[in-house]
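Notes follow once the structure below has been shown.
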Amino acid sequence: MNNRAKQLEAFDRLLTIMDELREKCPWDKKQTLQSLRHLTIEETYELGDAILDNDLNEVKKELGDLLLHLVFYAKIGSETQDFDIADVCNEICEKLIHRHPHIYGDTVVENEEEVKQNWEKLKLKEGKKSVLEGVPRSLPALVKASRIQDKVKGVGFDWEEPHQVWDKVQEELQELQEEVASENQDKMESEFGDVLFSMINYARFLNINPEDALERTNKKFIKRFQYLESKAEELGKPLMDMTLAEMDVFWNEAKKL
């Protein structure tokens, strides 16, 4: 691994390249905070994919792509005299020091949960009116539900035992079935959302990341379905011409692989 001097040298090299690209490259010169936003989101998801695949070489590459975006935003900020990369680094350093009084102060904590509770209390003292203010509006719904539940847990609003959460799941499933029977589409959607929210809560109590779990199932389904497609191609028979029974044969084969 590189020592601190080498790390700083590499970061300085990136900053220098960013300066040159912003000055000389037509595409880079044209970019704004707004134009980069959707690209940054895409890069974040690509990093997430690499992490899920446990492909550390790809993680390294995607971290570089994301770091480039952070440097790019800071460069644009420096051009408008609003902030530069030093301001960005110092801001997060000050926040980390303030939010970790058990490291940089005299606060004593016993475990991770107390750290998280102190974190939320400090944010409220900083002027936030709600512990949920830090949940981005544009987060995907499943991820947002996880963050909401995690945030309110930090101030003590939570179930005490996993079985209580499972009972809630059962309750929400029953309410969903009642609305399905009544065929009220709007209420069905509302109750279905309640089922998902309670399942995400249950996953938290089982120490399961619901986003990772669902993506794992997505990848498993894709792999099995593509196996089915390959077998259909070998037979020279389009999937749409196969019966479900015929498809099930290959699907079950895929499950054993």
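Residues are referred to by chain and number: the chain letter is A, B, ... according to the order shown in the structure tokens, the number counts from 1 in that chain, and ligands are numbered separately from 1 in the order shown.
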Show which residues sit within 12 Å of Leu214 (chain A), as an mmCIF file with N, CA, C and O atoms, in the first residue's frame. Count only C-alpha atoms, and ignore same-chain residues fewer than 6 positions away.
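The result, written out as part06.cif:
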```cif
data_model
loop_
_atom_site.group_PDB
_atom_site.id
_atom_site.type_symbol
_atom_site.label_atom_id
_atom_site.label_comp_id
_atom_site.auth_asym_id
_atom_site.auth_seq_id
_atom_site.Cartn_x
_atom_site.Cartn_y
_atom_site.Cartn_z
ATOM 1 N N LEU A 52 -21.458 -5.393 -4.715
ATOM 2 C CA LEU A 52 -22.299 -6.581 -4.610
ATOM 3 C C LEU A 52 -21.626 -7.797 -5.233
ATOM 4 O O LEU A 52 -21.764 -8.923 -4.749
ATOM 5 N N LEU A 142 -37.289 1.800 -1.796
ATOM 6 C CA LEU A 142 -36.862 0.737 -0.895
ATOM 7 C C LEU A 142 -35.713 1.214 -0.009
ATOM 8 O O LEU A 142 -35.701 0.980 1.200
ATOM 9 N N VAL A 143 -34.764 1.894 -0.606
ATOM 10 C CA VAL A 143 -33.630 2.425 0.158
ATOM 11 C C VAL A 143 -34.116 3.506 1.123
ATOM 12 O O VAL A 143 -33.670 3.581 2.278
ATOM 13 N N LEU A 196 -44.679 -3.942 2.309
ATOM 14 C CA LEU A 196 -43.267 -3.778 1.954
ATOM 15 C C LEU A 196 -42.504 -3.058 3.068
ATOM 16 O O LEU A 196 -41.392 -3.453 3.431
ATOM 17 N N MET A 199 -41.928 -5.401 5.907
ATOM 18 C CA MET A 199 -40.937 -6.416 5.565
ATOM 19 C C MET A 199 -39.518 -5.843 5.619
ATOM 20 O O MET A 199 -38.577 -6.511 6.072
ATOM 21 N N ILE A 200 -39.368 -4.603 5.170
ATOM 22 C CA ILE A 200 -38.069 -3.940 5.235
ATOM 23 C C ILE A 200 -37.658 -3.759 6.695
ATOM 24 O O ILE A 200 -36.493 -3.932 7.065
ATOM 25 N N ALA A 203 -36.487 -7.069 7.960
ATOM 26 C CA ALA A 203 -35.138 -7.349 7.455
ATOM 27 C C ALA A 203 -34.084 -6.674 8.333
ATOM 28 O O ALA A 203 -33.041 -7.255 8.633
ATOM 29 N N ILE A 208 -30.386 -7.914 7.821
ATOM 30 C CA ILE A 208 -30.360 -8.120 6.371
ATOM 31 C C ILE A 208 -30.582 -6.777 5.690
ATOM 32 O O ILE A 208 -31.512 -6.045 6.048
ATOM 33 N N LYS A 220 -30.051 -13.634 -9.373
ATOM 34 C CA LYS A 220 -30.324 -15.071 -9.426
ATOM 35 C C LYS A 220 -31.381 -15.367 -10.479
ATOM 36 O O LYS A 220 -31.244 -16.316 -11.266
ATOM 37 N N PHE A 221 -32.432 -14.548 -10.519
ATOM 38 C CA PHE A 221 -33.499 -14.754 -11.499
ATOM 39 C C PHE A 221 -32.968 -14.559 -12.920
ATOM 40 O O PHE A 221 -33.268 -15.349 -13.828
#
```
Contact residues around Asp53 (chain A) with only C-alpha atoms at 12 Å, ignoring same-chain residues under 6 positions, as an mmCIF file with all heavy atoms, in the first residue's frame:
```cif
data_model
loop_
_atom_site.group_PDB
_atom_site.id
_atom_site.type_symbol
_atom_site.label_atom_id
_atom_site.label_comp_id
_atom_site.auth_asym_id
_atom_site.auth_seq_id
_atom_site.Cartn_x
_atom_site.Cartn_y
_atom_site.Cartn_z
ATOM 1 N N GLU A 46 -22.975 2.004 -10.299
ATOM 2 C CA GLU A 46 -21.956 1.098 -10.821
ATOM 3 C C GLU A 46 -21.012 0.653 -9.702
ATOM 4 O O GLU A 46 -20.590 -0.507 -9.663
ATOM 5 C CB GLU A 46 -21.177 1.784 -11.947
ATOM 6 C CG GLU A 46 -22.006 1.950 -13.225
ATOM 7 C CD GLU A 46 -21.252 2.658 -14.336
ATOM 8 O OE1 GLU A 46 -20.078 3.023 -14.113
ATOM 9 O OE2 GLU A 46 -21.823 2.848 -15.423
ATOM 10 N N LEU A 47 -20.699 1.564 -8.792
ATOM 11 C CA LEU A 47 -19.892 1.194 -7.625
ATOM 12 C C LEU A 47 -20.654 0.182 -6.774
ATOM 13 O O LEU A 47 -20.077 -0.806 -6.307
ATOM 14 C CB LEU A 47 -19.563 2.435 -6.795
ATOM 15 C CG LEU A 47 -18.893 2.189 -5.445
ATOM 16 C CD1 LEU A 47 -17.556 1.462 -5.611
ATOM 17 C CD2 LEU A 47 -18.696 3.503 -4.691
ATOM 18 N N VAL A 59 -14.234 -2.340 -7.946
ATOM 19 C CA VAL A 59 -14.521 -1.358 -6.887
ATOM 20 C C VAL A 59 -13.503 -0.224 -6.957
ATOM 21 O O VAL A 59 -13.849 0.960 -6.872
ATOM 22 C CB VAL A 59 -14.496 -2.017 -5.485
ATOM 23 C CG1 VAL A 59 -14.503 -0.948 -4.402
ATOM 24 C CG2 VAL A 59 -15.697 -2.939 -5.313
ATOM 25 N N ASP A 212 -29.768 -5.146 -0.823
ATOM 26 C CA ASP A 212 -28.822 -6.178 -1.239
ATOM 27 C C ASP A 212 -29.538 -7.511 -1.449
ATOM 28 O O ASP A 212 -29.233 -8.249 -2.393
ATOM 29 C CB ASP A 212 -27.722 -6.352 -0.192
ATOM 30 C CG ASP A 212 -26.799 -5.140 -0.118
ATOM 31 O OD1 ASP A 212 -26.876 -4.282 -1.017
ATOM 32 O OD2 ASP A 212 -26.016 -5.058 0.839
ATOM 33 N N GLU A 215 -31.548 -7.363 -4.703
ATOM 34 C CA GLU A 215 -30.656 -7.381 -5.859
ATOM 35 C C GLU A 215 -30.046 -8.763 -6.057
ATOM 36 O O GLU A 215 -29.843 -9.214 -7.188
ATOM 37 C CB GLU A 215 -29.552 -6.331 -5.707
ATOM 38 C CG GLU A 215 -28.594 -6.237 -6.888
ATOM 39 C CD GLU A 215 -29.284 -5.917 -8.203
ATOM 40 O OE1 GLU A 215 -30.445 -5.488 -8.209
ATOM 41 O OE2 GLU A 215 -28.639 -6.124 -9.251
ATOM 42 N N ARG A 216 -29.775 -9.454 -4.959
ATOM 43 C CA ARG A 216 -29.265 -10.817 -5.039
ATOM 44 C C ARG A 216 -30.282 -11.722 -5.740
ATOM 45 O O ARG A 216 -29.925 -12.547 -6.580
ATOM 46 C CB ARG A 216 -28.984 -11.324 -3.626
ATOM 47 C CG ARG A 216 -28.338 -12.682 -3.543
ATOM 48 C CD ARG A 216 -27.986 -13.004 -2.096
ATOM 49 N NE ARG A 216 -27.390 -14.311 -1.972
ATOM 50 C CZ ARG A 216 -26.935 -14.814 -0.829
ATOM 51 N NH1 ARG A 216 -27.002 -14.077 0.272
ATOM 52 N NH2 ARG A 216 -26.410 -16.014 -0.785
ATOM 53 N N LYS A 219 -30.420 -10.896 -9.519
ATOM 54 C CA LYS A 219 -29.321 -11.511 -10.267
ATOM 55 C C LYS A 219 -29.525 -13.008 -10.411
ATOM 56 O O LYS A 219 -29.213 -13.591 -11.464
ATOM 57 C CB LYS A 219 -27.989 -11.214 -9.566
ATOM 58 C CG LYS A 219 -27.578 -9.755 -9.651
ATOM 59 C CD LYS A 219 -26.163 -9.543 -9.141
ATOM 60 C CE LYS A 219 -25.725 -8.106 -9.386
ATOM 61 N NZ LYS A 219 -24.317 -7.883 -9.034
#
```
For a quick check of understanding, using only C-alpha atoms, which of A:Lys255, A:Lys168, A:Lys125, A:Lys116 has the smallest distance to Gly154 (chain A)?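 Among the listed residues, the smallest separation from Gly154 (chain A) belongs to A:Lys116.
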For Glu160 (chain A), the nearest of the candidates A:Leu15, A:Ala145, A:Glu172, A:Tyr202, counting only C-alpha atoms: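 Using only C-alpha atoms, the shortest distance to Glu160 (chain A) belongs to A:Tyr202.
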Long-range neighbours of Leu33 (chain A) as a list in words, 10 Å cut-off, only C-alpha atoms, 6 positions minimum in chain: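 Counting only the stated atoms, we get His69, Phe72, Tyr73, Ala74, Ile76 and Gly77 of chain A.
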Using only N, CA, C and O atoms, please write the residues we just selected to a file, as a tab-separated table (two decimals), in the first residue's frame.
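Full text of out.tsv as output:
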```
chain	number	residue	atom	x	y	z
A	69	HIS	N	-15.75	12.72	-10.05
A	69	HIS	CA	-16.93	13.57	-9.99
A	69	HIS	C	-16.87	14.54	-8.82
A	69	HIS	O	-17.23	15.71	-8.95
A	72	PHE	N	-14.55	17.18	-9.70
A	72	PHE	CA	-15.17	18.00	-10.75
A	72	PHE	C	-16.11	19.04	-10.13
A	72	PHE	O	-16.07	20.23	-10.45
A	73	TYR	N	-16.96	18.59	-9.20
A	73	TYR	CA	-17.88	19.52	-8.55
A	73	TYR	C	-17.12	20.61	-7.80
A	73	TYR	O	-17.49	21.80	-7.84
A	74	ALA	N	-16.06	20.21	-7.10
A	74	ALA	CA	-15.27	21.18	-6.35
A	74	ALA	C	-14.59	22.18	-7.28
A	74	ALA	O	-14.49	23.37	-6.96
A	76	ILE	N	-15.73	23.20	-10.21
A	76	ILE	CA	-16.77	24.13	-10.65
A	76	ILE	C	-17.07	25.14	-9.55
A	76	ILE	O	-17.25	26.34	-9.80
A	77	GLY	N	-17.13	24.66	-8.30
A	77	GLY	CA	-17.38	25.55	-7.18
A	77	GLY	C	-16.30	26.60	-7.02
A	77	GLY	O	-16.59	27.75	-6.64
```
May I ask which of the residues A:Lys75, A:Lys95, A:His102, A:Lys231 is the closest one to Met18 (chain A), counting only C-alpha atoms?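 The closest residue to Met18 (chain A) is A:Lys75.
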Here is a test: counting only C-alpha atoms, which residue of A:Ser130, A:Thr217, A:Ser138, A:Gln117 is nearest to Asp150 (chain A)? A:Gln117
Work out how far CA of Gln164 (chain A) is from CA of Glu120 (chain A), in Å to one decimal.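 These two atoms are separated by 24.5 Å.
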Can you list, as a compact mmCIF listing (two decimals) with C-alpha atoms, in the first residue's frame, all residues belonging to region 1-249 of chain A that DSSP tags as helix (DSSP H, G or I)?
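Output saved as selection30.txt:
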```txt
# COMPACT_ATOMS: atom_id res chain seq x y z
CA ARG A 4 0.56 9.13 3.04
CA ALA A 5 3.03 11.08 0.92
CA LYS A 6 2.24 8.92 -2.12
CA GLN A 7 -1.48 9.24 -1.48
CA LEU A 8 -1.29 13.02 -1.35
CA GLU A 9 0.86 13.03 -4.48
CA ALA A 10 -1.75 10.98 -6.34
CA PHE A 11 -4.56 13.29 -5.18
CA ASP A 12 -2.57 16.34 -6.27
CA ARG A 13 -2.06 14.69 -9.67
CA LEU A 14 -5.83 14.24 -10.03
CA LEU A 15 -6.46 17.88 -9.11
CA THR A 16 -3.89 18.99 -11.70
CA ILE A 17 -5.45 16.84 -14.42
CA MET A 18 -8.89 18.23 -13.52
CA ASP A 19 -7.55 21.77 -13.92
CA GLU A 20 -6.14 20.89 -17.35
CA LEU A 21 -9.31 19.16 -18.54
CA ARG A 22 -11.49 22.05 -17.42
CA GLU A 23 -9.27 24.45 -19.34
CA LYS A 24 -8.64 22.48 -22.54
CA PRO A 26 -14.49 21.00 -24.89
CA TRP A 27 -16.67 18.43 -23.10
CA ASP A 28 -15.25 19.06 -19.64
CA LYS A 29 -15.45 22.84 -20.10
CA LYS A 30 -19.16 22.55 -20.87
CA LEU A 33 -23.29 20.84 -11.48
CA GLN A 34 -26.64 20.04 -13.06
CA SER A 35 -25.28 18.23 -16.11
CA LEU A 36 -23.05 16.01 -13.97
CA ARG A 37 -25.78 15.01 -11.52
CA HIS A 38 -27.30 12.08 -13.45
CA LEU A 39 -23.82 10.83 -14.35
CA THR A 40 -22.82 10.84 -10.68
CA ILE A 41 -25.90 8.81 -9.79
CA GLU A 42 -25.00 6.32 -12.52
CA GLU A 43 -21.43 6.04 -11.23
CA THR A 44 -22.72 5.45 -7.70
CA TYR A 45 -24.88 2.57 -8.89
CA GLU A 46 -21.96 1.10 -10.82
CA LEU A 47 -19.89 1.19 -7.62
CA GLY A 48 -22.77 -0.52 -5.85
CA ASP A 49 -22.80 -3.28 -8.47
CA ALA A 50 -19.07 -3.85 -8.07
CA ILE A 51 -19.45 -4.08 -4.30
CA LEU A 52 -22.30 -6.58 -4.61
CA LEU A 56 -12.41 -5.44 -5.68
CA ASN A 57 -10.57 -4.45 -8.84
CA GLU A 58 -13.80 -3.05 -10.24
CA VAL A 59 -14.52 -1.36 -6.89
CA LYS A 60 -11.16 0.42 -7.20
CA LYS A 61 -12.03 1.63 -10.72
CA GLU A 62 -15.53 2.78 -9.78
CA LEU A 63 -14.20 4.62 -6.72
CA GLY A 64 -11.90 6.48 -9.09
CA ASP A 65 -14.82 7.43 -11.32
CA LEU A 66 -16.77 8.70 -8.34
CA LEU A 67 -13.76 10.56 -6.94
CA LEU A 68 -13.38 12.29 -10.30
CA HIS A 69 -16.93 13.57 -9.99
CA LEU A 70 -16.30 14.93 -6.50
CA VAL A 71 -13.20 16.74 -7.72
CA PHE A 72 -15.17 18.00 -10.75
CA TYR A 73 -17.88 19.52 -8.55
CA ALA A 74 -15.27 21.18 -6.35
CA LYS A 75 -13.52 22.60 -9.42
CA ILE A 76 -16.77 24.13 -10.65
CA GLY A 77 -17.38 25.55 -7.18
CA SER A 78 -13.95 27.17 -7.18
CA GLU A 79 -14.68 28.85 -10.52
CA ILE A 85 -11.74 21.08 -2.67
CA ALA A 86 -10.07 22.33 0.53
CA ASP A 87 -13.37 23.78 1.72
CA VAL A 88 -15.07 20.46 0.98
CA CYS A 89 -12.45 18.47 2.90
CA ASN A 90 -12.39 20.87 5.84
CA GLU A 91 -16.18 20.90 6.06
CA ILE A 92 -16.42 17.13 6.36
CA CYS A 93 -13.47 17.04 8.78
CA GLU A 94 -15.19 19.52 11.09
CA LYS A 95 -18.44 17.59 10.87
CA LEU A 96 -16.73 14.30 11.71
CA ILE A 97 -14.98 15.82 14.70
CA HIS A 98 -18.21 17.38 15.95
CA ARG A 99 -20.24 14.21 15.39
CA PRO A 101 -17.45 13.52 20.71
CA HIS A 102 -16.61 10.04 22.01
CA ILE A 103 -13.36 10.29 20.04
CA TYR A 104 -12.62 14.03 20.07
CA GLU A 112 -22.48 1.26 18.07
CA GLU A 113 -26.12 1.99 18.89
CA GLU A 114 -25.17 4.74 21.34
CA VAL A 115 -22.93 6.28 18.68
CA LYS A 116 -25.86 6.39 16.24
CA GLN A 117 -28.20 7.84 18.87
CA ASN A 118 -25.69 10.60 19.70
CA TRP A 119 -25.29 11.30 15.98
CA GLU A 120 -29.02 11.97 15.57
CA LYS A 121 -29.18 14.09 18.74
CA LEU A 122 -26.26 16.22 17.55
CA LYS A 123 -27.93 16.80 14.19
CA LEU A 124 -31.07 18.07 15.93
CA LYS A 125 -28.91 20.42 18.01
CA VAL A 131 -34.45 13.46 12.21
CA LEU A 132 -35.85 12.62 8.78
CA GLU A 133 -34.51 15.78 7.11
CA GLY A 134 -31.35 13.91 6.17
CA ALA A 141 -38.35 3.96 -2.29
CA LEU A 142 -36.86 0.74 -0.90
CA VAL A 143 -33.63 2.43 0.16
CA LYS A 144 -35.58 5.39 1.51
CA ALA A 145 -37.72 3.11 3.70
CA SER A 146 -34.55 1.57 5.16
CA ARG A 147 -33.05 4.97 5.91
CA ILE A 148 -36.29 6.25 7.48
CA GLN A 149 -36.47 3.27 9.80
CA ASP A 150 -32.79 3.55 10.69
CA LYS A 151 -33.15 7.27 11.42
CA VAL A 152 -36.13 6.96 13.77
CA LYS A 153 -34.44 4.05 15.53
CA PRO A 162 -38.13 -9.24 16.12
CA HIS A 163 -41.32 -11.22 16.75
CA GLN A 164 -43.23 -7.95 17.20
CA VAL A 165 -42.14 -6.85 13.74
CA TRP A 166 -43.11 -10.22 12.26
CA ASP A 167 -46.54 -9.92 13.89
CA LYS A 168 -46.86 -6.53 12.19
CA VAL A 169 -45.97 -8.12 8.84
CA GLN A 170 -48.74 -10.69 9.36
CA GLU A 171 -51.18 -7.93 10.29
CA GLU A 172 -50.33 -5.92 7.16
CA LEU A 173 -50.67 -9.02 4.96
CA GLN A 174 -54.13 -9.64 6.37
CA GLU A 175 -55.16 -6.04 5.70
CA LEU A 176 -53.83 -6.34 2.15
CA GLN A 177 -55.89 -9.50 1.54
CA GLU A 178 -58.99 -7.72 2.79
CA GLU A 179 -58.49 -4.90 0.29
CA VAL A 180 -57.74 -7.39 -2.50
CA ALA A 181 -61.11 -9.02 -1.73
CA SER A 182 -62.83 -5.63 -1.89
CA GLN A 185 -57.23 -0.52 -6.24
CA ASP A 186 -56.19 2.58 -4.30
CA LYS A 187 -56.43 0.85 -0.91
CA MET A 188 -54.72 -2.25 -2.29
CA GLU A 189 -51.74 -0.13 -3.31
CA SER A 190 -51.66 1.55 0.09
CA GLU A 191 -51.75 -1.75 1.97
CA PHE A 192 -49.17 -3.29 -0.36
CA GLY A 193 -46.87 -0.41 0.53
CA ASP A 194 -47.47 -1.12 4.22
CA VAL A 195 -46.51 -4.77 3.66
CA LEU A 196 -43.27 -3.78 1.95
CA PHE A 197 -42.44 -1.23 4.66
CA SER A 198 -43.01 -3.79 7.42
CA MET A 199 -40.94 -6.42 5.56
CA ILE A 200 -38.07 -3.94 5.23
CA ASN A 201 -38.37 -3.30 8.96
CA TYR A 202 -38.23 -7.04 9.65
CA ALA A 203 -35.14 -7.35 7.45
CA ARG A 204 -33.44 -4.72 9.62
CA PHE A 205 -34.11 -6.81 12.73
CA PRO A 210 -33.19 -5.43 1.92
CA GLU A 211 -31.69 -3.67 -1.10
CA ASP A 212 -28.82 -6.18 -1.24
CA ALA A 213 -31.20 -9.09 -0.66
CA LEU A 214 -33.53 -8.03 -3.47
CA GLU A 215 -30.66 -7.38 -5.86
CA ARG A 216 -29.26 -10.82 -5.04
CA THR A 217 -32.61 -12.31 -6.04
CA ASN A 218 -32.71 -10.17 -9.19
CA LYS A 219 -29.32 -11.51 -10.27
CA LYS A 220 -30.32 -15.07 -9.43
CA PHE A 221 -33.50 -14.75 -11.50
CA ILE A 222 -31.62 -13.21 -14.44
CA LYS A 223 -29.05 -16.02 -14.40
CA ARG A 224 -31.72 -18.72 -14.33
CA PHE A 225 -33.86 -17.08 -17.00
CA GLN A 226 -30.89 -16.62 -19.30
CA TYR A 227 -30.12 -20.33 -18.84
CA LEU A 228 -33.69 -21.05 -19.89
CA GLU A 229 -33.26 -18.82 -22.95
CA SER A 230 -30.02 -20.57 -23.92
CA LYS A 231 -31.69 -24.00 -23.71
CA ALA A 232 -34.61 -22.80 -25.80
CA GLU A 233 -32.15 -21.52 -28.40
CA GLU A 234 -30.37 -24.89 -28.44
CA LEU A 235 -33.72 -26.54 -29.20
CA LEU A 239 -39.80 -19.30 -25.52
CA MET A 240 -43.22 -18.04 -26.50
CA ASP A 241 -43.86 -21.40 -28.22
CA LEU A 244 -44.84 -23.62 -18.89
CA ALA A 245 -44.17 -27.29 -18.16
CA GLU A 246 -41.37 -27.32 -20.74
CA MET A 247 -39.90 -24.12 -19.32
CA ASP A 248 -40.07 -25.51 -15.79
CA VAL A 249 -37.77 -28.38 -16.77
```
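Taking CA of Val109 (chain A) and CA of Val155 (chain A) as the two end points, the separation is 15.2 Å.
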